[in-house]
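These notes concern the structure reproduced below.
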Amino acid sequence: MKALLLLLVAVVSVFGMDHWHMNLRVQHLPKPSLPKRWFDQKQDHFDLSNTKTWKQLYYINDMYFRPGGPIFYYFNGEAELMPQVLTELSFVSLAKEMGGMIISQEHRYYGESYPVPSLATENMKYLSSQQALADAAYMQQNITRTYPGASSSKWLAVGGSYSGALVAWYRIKYPGLVVGAYSSSGVVHAEANYFGYWEVIEYALKHADKKTCQQDAAAEIAMMVKMLNTTAGQQKLAQDFLLCKNQSSLVSQDAKDNFLWTFATCSAADQYGGPDKFCGTLEGGASKWSGYVKACIGTPKKGACELDNTWMAYNTTKLDSLLGGRSWFWQKCTQFGWFKSSPANSMWPKEITYPWLVSHCASAFGLPGMMPDTDFTNLYYGGYSAPGTNILFVAGTFDPWNKVQVTTPFPDAVATNRPNIFINGTAHCADLDPPKPTDSIYLKDARMKIRAWVMDLLDFA
């Protein structure tokens with residue numbers, strides 16, 4: 001169990017389970033007494049001959065709802081659905097103020113919501129963003145018909161990261177169902193080889209409170225690469241990073257690459273809150289090396305060990321697979337890419353290449369030559385152009401995903417009501433976080449602008 005918990009941390013940080021961080025930020029908060037609800041969902045919305053259904057989890061927070069009030073339709077994304085997101089995220093205060101209701105359904109193939117008996121490759125065919133959007137539309141139409149007081153309500157789609165893209169696409173593909181969408185850190189552009197992720201991380205490290213953080217981290221990563229080339233260095237790395245015995249040999253090139261992918265990328269935690277926590281740990285150690293190691297593995301419990309080959313999490317076909325890892329990997333391998341290779345002339349190890357990263361798709365699913373069809377995804381949804389109306393795009397300068405988001409104004413932003421807010425010094429989906437007194441003035445100002453846009457859209461001013 002201890003190793004499993006450490007693997008969870010590694011998967012979240014390195015593989016970018018991009019929505020899971022919202023759960024990490026609310027899971028410690030009181031669990032509301034919202035009953036689990038189950039919706040009979042279609043297995044395949046696009047095959048009329050397929051009449052199979054399955055049970056999809058959803059929650060409703062109607063404690064503030066007045067008949068006819070707005071409905072905030074929160075898209076959960078690539079993780080289990082926690083009820084706290086319906087009571088703790090920043091937009092909840094808007095629902096309370098406006099007499100609104102909050103509804104969220106669990107994304108198919110995550111948490112407890114599976115339309116198939118296992119995650120064997122042949123069962124993955126019903127997992128796509130198109131099916132997920134159709135799930136949302138089918139359930140929304142049902143609730144509009146059956147929920148007392150909801151028939152005249154205006155619906156606003158809300159989401160962050162992958163689900164931030166989903167809500168933008170929902171407004172584009174189903175414009176008659178929602179009056180608009182609030183897309184926080186919405187990754188609307190699919191990109192197979194996404195080295196831009198690490199470019200933003202490096203930028204954030206350079207602008208951290210600890211002014212030497214980037215150069216110090218770069219030096220420790222370079223030392224790590226050098227140590228992998230000697231037997232003594234390999235043994236010290238295995239010892240310092242507490243590698244599990246069955247993965248303590250770092251002799252083969254694949255083992256070295258796996259090690260670098262797991263531990264040279266520890267600052268990916270910047271995604272969840274900016275660079276200062278990582279930099280503070282790095283700079284606060286007895287040495288820069290000990291500080292870097294602690295930034296990677298924390299303070300493990302006695303007897304715990306680290307798994308350096310986190311790809312193994314994607315091979316299990318059990319429905320309770322870690323964090324929905326195999327499900328998200330399927331979506332990356334088929335539609336989105338976002339494989340985070342090292343940029344040229346950067347602090348990141350040159351060994352982390354796109355061909356090596358994407359080769360794990362074929363290994364995980366047994367499909368030789370498997371590659372994401374990002375061209376089709378961008379053609380289908382519009383990529384950066386996001387050709388819709390009434391969509392608010394919010395991003396942060398320290399968010400490593402911002403290079404596949406909308407961060408500059410559209411030429412017709414006013415005419416189409418598609419504004420964007422680019423928040424200085426904030427990381428991934430920071431605007432959706434539960435508000436804190438310590439939030440920066442930039443984040444507080446952005447939330448005021450978001451509130452004004454939502455109120456205006458819902459005719460509540």
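Identifiers in the structure tokens: chain A, B, ... in order shown; residue index from 1 per chain; ligand index from 1 in order shown.
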
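Residues in contact with region 217-232 of chain A at up to 6 Å, not including ones fewer than 3 positions away on its chain and judged by only C-alpha atoms, are Cys213, Gln214, Gln235, Ala264 and Met347 of chain A.
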
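By chain and then residue number, the residues within 8 Å of Val293 (chain A) are Asp240, Phe241, Leu282, Trp289, Ile297 and Gly298 of chain A, counting only C-alpha atoms and disregarding those fewer than 4 positions away in sequence.
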
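Proximity to region 76-90 of chain A at 6 Å, evaluated using only C-alpha atoms and with sequence-adjacent residues fewer than 3 positions away removed, yields His19, Trp20, Lys31, Glu106, His107, Tyr110, Gly111, Ser163, Leu432, Asp433 and Pro434 of chain A.
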
- region 130-143 of chain A: which residues within 7 Å, counting only C-alpha atoms, same-chain residues fewer than 5 positions away excluded, as JSON, numbers by chain? {"A": [41, 45, 107, 108, 170]}

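Here the residues within region 16-98 of chain A that DSSP labels strand (DSSP E) on the basis of the backbone are Arg37, Trp38, Phe39, Asp40, Gln41, Lys42, Thr53, Trp54, Lys55, Gln56, Leu57, Tyr58, Tyr59, Ile60, Asn61, Ile71, Phe72, Tyr73, Tyr74 and Phe75 of chain A.
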
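Checking A:Arg447, A:Cys305, A:Phe65, A:Ala295 one by one against Ala238 (chain A), counting only C-alpha atoms, you find the shortest gap at A:Cys305.
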